[in-house]
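Shown here: entry-v8.cif, mmCIF, C-alpha atoms; chains and numbers go by the auth columns.
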```cif
data_target
loop_
_atom_site.group_PDB
_atom_site.id
_atom_site.type_symbol
_atom_site.label_atom_id
_atom_site.label_comp_id
_atom_site.label_asym_id
_atom_site.label_seq_id
_atom_site.Cartn_x
_atom_site.Cartn_y
_atom_site.Cartn_z
_atom_site.B_iso_or_equiv
_atom_site.auth_seq_id
_atom_site.auth_asym_id
ATOM 1 C CA MET A 1 -13.488 -38.168 13.631 0.00 290 U
ATOM 2 C CA LYS A 2 -9.984 -36.800 13.000 0.00 291 U
ATOM 3 C CA VAL A 3 -10.674 -36.630 9.270 0.00 292 U
ATOM 4 C CA TYR A 4 -13.807 -34.572 9.895 0.00 293 U
ATOM 5 C CA LYS A 5 -11.941 -32.125 12.132 0.00 294 U
ATOM 6 C CA THR A 6 -9.137 -31.798 9.601 0.00 295 U
ATOM 7 C CA MET A 7 -11.628 -31.140 6.815 0.00 296 U
ATOM 8 C CA LEU A 8 -13.478 -28.624 8.967 0.00 297 U
ATOM 9 C CA TRP A 9 -10.218 -26.840 9.732 0.00 298 U
ATOM 10 C CA ILE A 10 -9.285 -26.744 6.041 0.00 299 U
ATOM 11 C CA SER A 11 -12.701 -25.362 5.162 0.00 300 U
ATOM 12 C CA ILE A 12 -12.365 -22.622 7.732 0.00 301 U
ATOM 13 C CA ALA A 13 -8.825 -21.822 6.577 0.00 302 U
ATOM 14 C CA ILE A 14 -10.002 -21.473 2.991 0.00 303 U
ATOM 15 C CA PHE A 15 -12.935 -19.346 4.078 0.00 304 U
ATOM 16 C CA ILE A 16 -10.788 -16.783 5.894 0.00 305 U
ATOM 17 C CA ILE A 17 -8.231 -16.319 3.105 0.00 306 U
ATOM 18 C CA PRO A 18 -8.893 -12.865 1.623 0.00 307 U
ATOM 19 C CA GLN A 19 -10.092 -12.801 -1.950 0.00 308 U
ATOM 20 C CA ILE A 20 -8.683 -10.368 -4.487 0.00 309 U
ATOM 21 C CA ARG A 21 -11.178 -8.933 -6.947 0.00 310 U
ATOM 22 C CA CYS A 22 -9.722 -8.520 -10.410 0.00 311 U
ATOM 23 C CA SER A 23 -10.979 -6.031 -12.934 0.00 312 U
ATOM 24 C CA ASP A 24 -13.633 -7.114 -15.426 0.00 313 U
ATOM 25 C CA ARG A 25 -12.000 -4.926 -18.067 0.00 314 U
ATOM 26 C CA PHE A 26 -9.399 -6.640 -20.272 0.00 315 U
ATOM 27 C CA SER A 27 -6.499 -4.507 -21.411 0.00 316 U
ATOM 28 C CA TYR A 28 -2.893 -4.676 -22.570 0.00 317 U
ATOM 29 C CA TRP A 29 -0.169 -3.049 -20.492 0.00 318 U
ATOM 30 C CA SER A 30 3.428 -2.278 -21.335 0.00 319 U
ATOM 31 C CA ARG A 31 6.469 -1.295 -19.273 0.00 320 U
ATOM 32 C CA ASN A 32 8.315 1.684 -20.757 0.00 321 U
ATOM 33 C CA GLU A 33 12.070 1.138 -20.275 0.00 322 U
ATOM 34 C CA HIS A 34 12.775 4.700 -21.473 0.00 323 U
ATOM 35 C CA LEU A 35 10.927 6.127 -18.437 0.00 324 U
ATOM 36 C CA THR A 36 12.380 3.731 -15.841 0.00 325 U
ATOM 37 C CA ASN A 37 13.751 5.637 -12.815 0.00 326 U
ATOM 38 C CA TYR A 38 11.406 8.592 -13.326 0.00 327 U
ATOM 39 C CA LEU A 39 8.178 9.739 -11.606 0.00 328 U
ATOM 40 C CA SER A 40 5.433 12.203 -12.394 0.00 329 U
ATOM 41 C CA THR A 41 4.727 15.138 -10.115 0.00 330 U
ATOM 42 C CA ARG A 42 1.317 15.858 -11.686 0.00 331 U
ATOM 43 C CA ASN A 43 -1.796 14.128 -13.039 0.00 332 U
ATOM 44 C CA GLU A 44 -1.859 11.677 -10.149 0.00 333 U
ATOM 45 C CA ILE A 45 -5.279 10.277 -9.272 0.00 334 U
ATOM 46 C CA TYR A 46 -4.056 8.837 -5.971 0.00 335 U
ATOM 47 C CA THR A 47 -1.297 6.771 -4.347 0.00 336 U
ATOM 48 C CA LEU A 48 -1.733 3.441 -2.591 0.00 337 U
ATOM 49 C CA ASN A 49 0.375 0.709 -1.038 0.00 338 U
ATOM 50 C CA SER A 50 0.686 -2.308 -3.305 0.00 339 U
ATOM 51 C CA SER A 51 2.704 -5.465 -2.800 0.00 340 U
ATOM 52 C CA SER A 52 3.178 -6.063 -6.539 0.00 341 U
ATOM 53 C CA LYS A 53 3.176 -4.353 -9.920 0.00 342 U
ATOM 54 C CA LEU A 54 0.363 -6.648 -11.040 0.00 343 U
ATOM 55 C CA MET A 55 -1.885 -5.505 -8.190 0.00 344 U
ATOM 56 C CA CYS A 56 -0.988 -1.903 -9.017 0.00 345 U
ATOM 57 C CA VAL A 57 -2.017 -2.328 -12.664 0.00 346 U
ATOM 58 C CA ASN A 58 -5.202 -4.160 -11.639 0.00 347 U
ATOM 59 C CA GLU A 59 -6.154 -1.275 -9.339 0.00 348 U
ATOM 60 C CA CYS A 60 -5.683 1.129 -12.241 0.00 349 U
ATOM 61 C CA THR A 61 -8.015 -0.898 -14.480 0.00 350 U
ATOM 62 C CA LYS A 62 -10.712 -0.611 -11.787 0.00 351 U
ATOM 63 C CA THR A 63 -10.236 3.159 -11.380 0.00 352 U
ATOM 64 C CA ALA A 64 -12.043 5.645 -13.627 0.00 353 U
ATOM 65 C CA ASN A 65 -9.734 7.581 -15.987 0.00 354 U
ATOM 66 C CA CYS A 66 -6.606 5.694 -14.888 0.00 355 U
ATOM 67 C CA VAL A 67 -4.327 4.892 -17.845 0.00 356 U
ATOM 68 C CA SER A 68 -0.820 4.587 -16.374 0.00 357 U
ATOM 69 C CA VAL A 69 1.024 3.840 -13.142 0.00 358 U
ATOM 70 C CA PHE A 70 4.380 4.495 -11.538 0.00 359 U
ATOM 71 C CA TYR A 71 5.453 1.684 -9.215 0.00 360 U
ATOM 72 C CA ILE A 72 8.222 2.196 -6.663 0.00 361 U
ATOM 73 C CA GLU A 73 9.051 0.529 -3.350 0.00 362 U
ATOM 74 C CA LYS A 74 5.595 -1.070 -2.904 0.00 363 U
ATOM 75 C CA SER A 75 3.931 2.261 -3.665 0.00 364 U
ATOM 76 C CA CYS A 76 1.595 2.642 -6.613 0.00 365 U
ATOM 77 C CA ARG A 77 0.829 6.024 -8.203 0.00 366 U
ATOM 78 C CA LEU A 78 -2.196 5.970 -10.503 0.00 367 U
ATOM 79 C CA ASN A 79 -2.253 8.575 -13.307 0.00 368 U
ATOM 80 C CA ASN A 80 -4.894 9.913 -15.665 0.00 369 U
ATOM 81 C CA VAL A 81 -2.486 10.708 -18.534 0.00 370 U
ATOM 82 C CA TYR A 82 0.162 8.958 -20.636 0.00 371 U
ATOM 83 C CA PHE A 83 3.772 10.093 -20.372 0.00 372 U
ATOM 84 C CA THR A 84 6.025 9.971 -23.414 0.00 373 U
ATOM 85 C CA GLY A 85 9.113 11.924 -22.383 0.00 374 U
ATOM 86 C CA LYS A 86 11.304 12.658 -19.384 0.00 375 U
ATOM 87 C CA ALA A 87 10.859 16.437 -19.601 0.00 376 U
ATOM 88 C CA GLU A 88 7.680 16.318 -17.517 0.00 377 U
ATOM 89 C CA LEU A 89 9.078 13.819 -14.974 0.00 378 U
ATOM 90 C CA VAL A 90 11.526 13.892 -12.042 0.00 379 U
ATOM 91 C CA HIS A 91 14.407 11.437 -11.599 0.00 380 U
ATOM 92 C CA LYS A 92 13.584 8.753 -9.003 0.00 381 U
ATOM 93 C CA PRO A 93 15.809 5.622 -9.002 0.00 382 U
ATOM 94 C CA GLY A 94 13.877 2.356 -8.740 0.00 383 U
ATOM 95 C CA SER A 95 10.648 3.614 -10.254 0.00 384 U
ATOM 96 C CA GLU A 96 8.925 1.777 -13.115 0.00 385 U
ATOM 97 C CA TYR A 97 6.399 3.264 -15.548 0.00 386 U
ATOM 98 C CA ILE A 98 3.652 0.977 -16.851 0.00 387 U
ATOM 99 C CA ALA A 99 0.881 2.155 -19.183 0.00 388 U
ATOM 100 C CA SER A 100 -2.160 0.658 -20.844 0.00 389 U
ATOM 101 C CA VAL A 101 -1.817 0.214 -24.571 0.00 390 U
ATOM 102 C CA THR A 102 -4.750 1.900 -26.332 0.00 391 U
ATOM 103 C CA ALA A 103 -5.363 4.245 -29.221 0.00 392 U
ATOM 104 C CA CYS A 104 -4.558 7.108 -26.792 0.00 393 U
ATOM 105 C CA SER A 105 -1.099 5.772 -25.866 0.00 394 U
ATOM 106 C CA SER A 106 0.605 8.017 -28.413 0.00 395 U
ATOM 107 C CA ASN A 107 -1.237 11.177 -27.206 0.00 396 U
ATOM 108 C CA PRO A 108 -2.916 11.886 -30.580 0.00 397 U
ATOM 109 C CA CYS A 109 -4.915 14.936 -29.398 0.00 398 U
ATOM 110 C CA LEU A 110 -3.155 18.206 -30.139 0.00 399 U
ATOM 111 C CA ASN A 111 -3.228 21.670 -28.545 0.00 400 U
ATOM 112 C CA GLY A 112 -4.071 20.509 -25.017 0.00 401 U
ATOM 113 C CA GLY A 113 -6.876 18.160 -26.055 0.00 402 U
ATOM 114 C CA THR A 114 -7.667 15.200 -23.812 0.00 403 U
ATOM 115 C CA CYS A 115 -7.819 11.731 -25.370 0.00 404 U
ATOM 116 C CA SER A 116 -10.517 9.266 -24.237 0.00 405 U
ATOM 117 C CA PRO A 117 -10.159 5.670 -25.523 0.00 406 U
ATOM 118 C CA SER A 118 -13.193 3.621 -26.476 0.00 407 U
ATOM 119 C CA GLU A 119 -14.163 0.675 -24.253 0.00 408 U
ATOM 120 C CA SER A 120 -12.218 -1.687 -26.539 0.00 409 U
ATOM 121 C CA GLY A 121 -9.210 0.672 -26.628 0.00 410 U
ATOM 122 C CA SER A 122 -8.990 0.500 -30.420 0.00 411 U
ATOM 123 C CA SER A 123 -10.411 3.979 -31.138 0.00 412 U
ATOM 124 C CA PHE A 124 -10.588 7.333 -29.363 0.00 413 U
ATOM 125 C CA THR A 125 -12.238 10.728 -29.157 0.00 414 U
ATOM 126 C CA CYS A 126 -10.569 14.033 -28.342 0.00 415 U
ATOM 127 C CA ASP A 127 -12.070 16.570 -25.963 0.00 416 U
ATOM 128 C CA CYS A 128 -10.720 19.737 -27.576 0.00 417 U
ATOM 129 C CA LEU A 129 -10.228 23.215 -26.174 0.00 418 U
ATOM 130 C CA SER A 130 -11.993 26.052 -27.995 0.00 419 U
ATOM 131 C CA GLY A 131 -10.500 27.041 -31.337 0.00 420 U
ATOM 132 C CA SER A 132 -10.013 23.472 -32.523 0.00 421 U
ATOM 133 C CA LYS A 133 -11.414 22.494 -35.881 0.00 422 U
ATOM 134 C CA ASP A 134 -11.331 18.668 -36.137 0.00 423 U
ATOM 135 C CA ASN A 135 -11.280 15.429 -34.132 0.00 424 U
ATOM 136 C CA LEU A 136 -7.524 15.693 -33.371 0.00 425 U
ATOM 137 C CA CYS A 137 -7.858 19.225 -31.946 0.00 426 U
ATOM 138 C CA LYS A 138 -5.823 20.821 -34.739 0.00 427 U
ATOM 139 C CA ALA A 139 -5.787 24.597 -34.707 0.00 428 U
ATOM 140 C CA ASP A 140 -6.325 26.597 -37.886 0.00 429 U
ATOM 141 C CA ASN A 141 -2.567 27.035 -38.351 0.00 430 U
ATOM 142 C CA ASP A 142 -1.652 23.326 -37.749 0.00 431 U
#
```

Rewrite the structure from the file as structure tokens, please.
Amino acid sequence: MKVYKTMLWISIAIFIIPQIRCSDRFSYWSRNEHLTNYLSTRNEIYTLNSSSKLMCVNECTKTANCVSVFYIEKSCRLNNVYFTGKAELVHKPGSEYIASVTACSSNPCLNGGTCSPSESGSSFTCDCLSGSKDNLCKADND
């Protein structure tokens, strides 16, 4: 009888442990040391509490248009753009920048164009502003 009660208790304990749903989308992510200790003040989709960087990245993979995150003090900021330089960021000690690695990682679209990676991440398309003449959004004088 004690064995049965112990097994029942274990079954209940396993049943009430919360499950974490991981993204179905596979992707590569990279931490950018150059942008450590910096945060974005724009292009944020939303902010959430997250106990780990891994959970932060997983949340981004489940969120439409999310391509990068800033993680600081158990706070996760999901972004819809890639950041390549500090000029567009503010100094914030302790912050880490992590971005998905796709064909859009290098910001190939010019003149304000928006890069959209393919499902596999190996190719991209540019949504160009008017006046652009090719798939990289080059202007006539570029």

Evaluate the PyMOL selection byres ((chain U and resi 370-384) around 8) against this structure - the residues, as a ChimeraX atom specification, please.
/U:324-330,332,355-357,359-362,368-369,385-386,388,393-396

Record the distance separating CA of Tyr317 (chain U) and CA of Cys365 (chain U), expressed in Å with one decimal.
18.1 Å

Quick one: of U:Ser389, U:Ser405, U:Ser411, U:Asn424, who's nearest to Asn347 (chain U), counting all atoms listed in the file?
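With all atoms listed in the file as the atom set, the closest residue is U:Ser389.
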
Figure out the distance between CA of Ile334 (chain U) and CA of Leu399 (chain U), please, to one decimal in Å.
22.4 Å

Reference answer for the PyMOL selection byres ((chain U and resi 413) around 7), as a list of chain:residue names
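On this input, the PyMOL selection byres ((chain U and resi 413) around 7) captures U:Ala392, U:Cys393, U:Cys404, U:Ser405, U:Pro406, U:Ser407, U:Ser412, U:Thr414, U:Cys415.
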
I need the residue nearest Leu343 (chain U) from this list: U:Ile387, U:Cys398, U:Asn321, U:Cys426. Use only C-alpha atoms for the distance.
U:Ile387

How many Å lie between CA of Cys349 (chain U) and CA of Ser364 (chain U), rounded to one decimal?
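Between CA of Cys349 (chain U) and CA of Ser364 (chain U) the gap is 12.9 Å.
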
Please define a box with edges along x, y and z of the file around all atoms of region 373-378 of chain U given in the file, extend it by 4 Å on each side, and return its centre and edge lengths in Å to one decimal, as JSON.
```
{"center_x": 8.7, "center_y": 13.2, "center_z": -19.2, "size_x": 13.3, "size_y": 14.5, "size_z": 16.4}
```
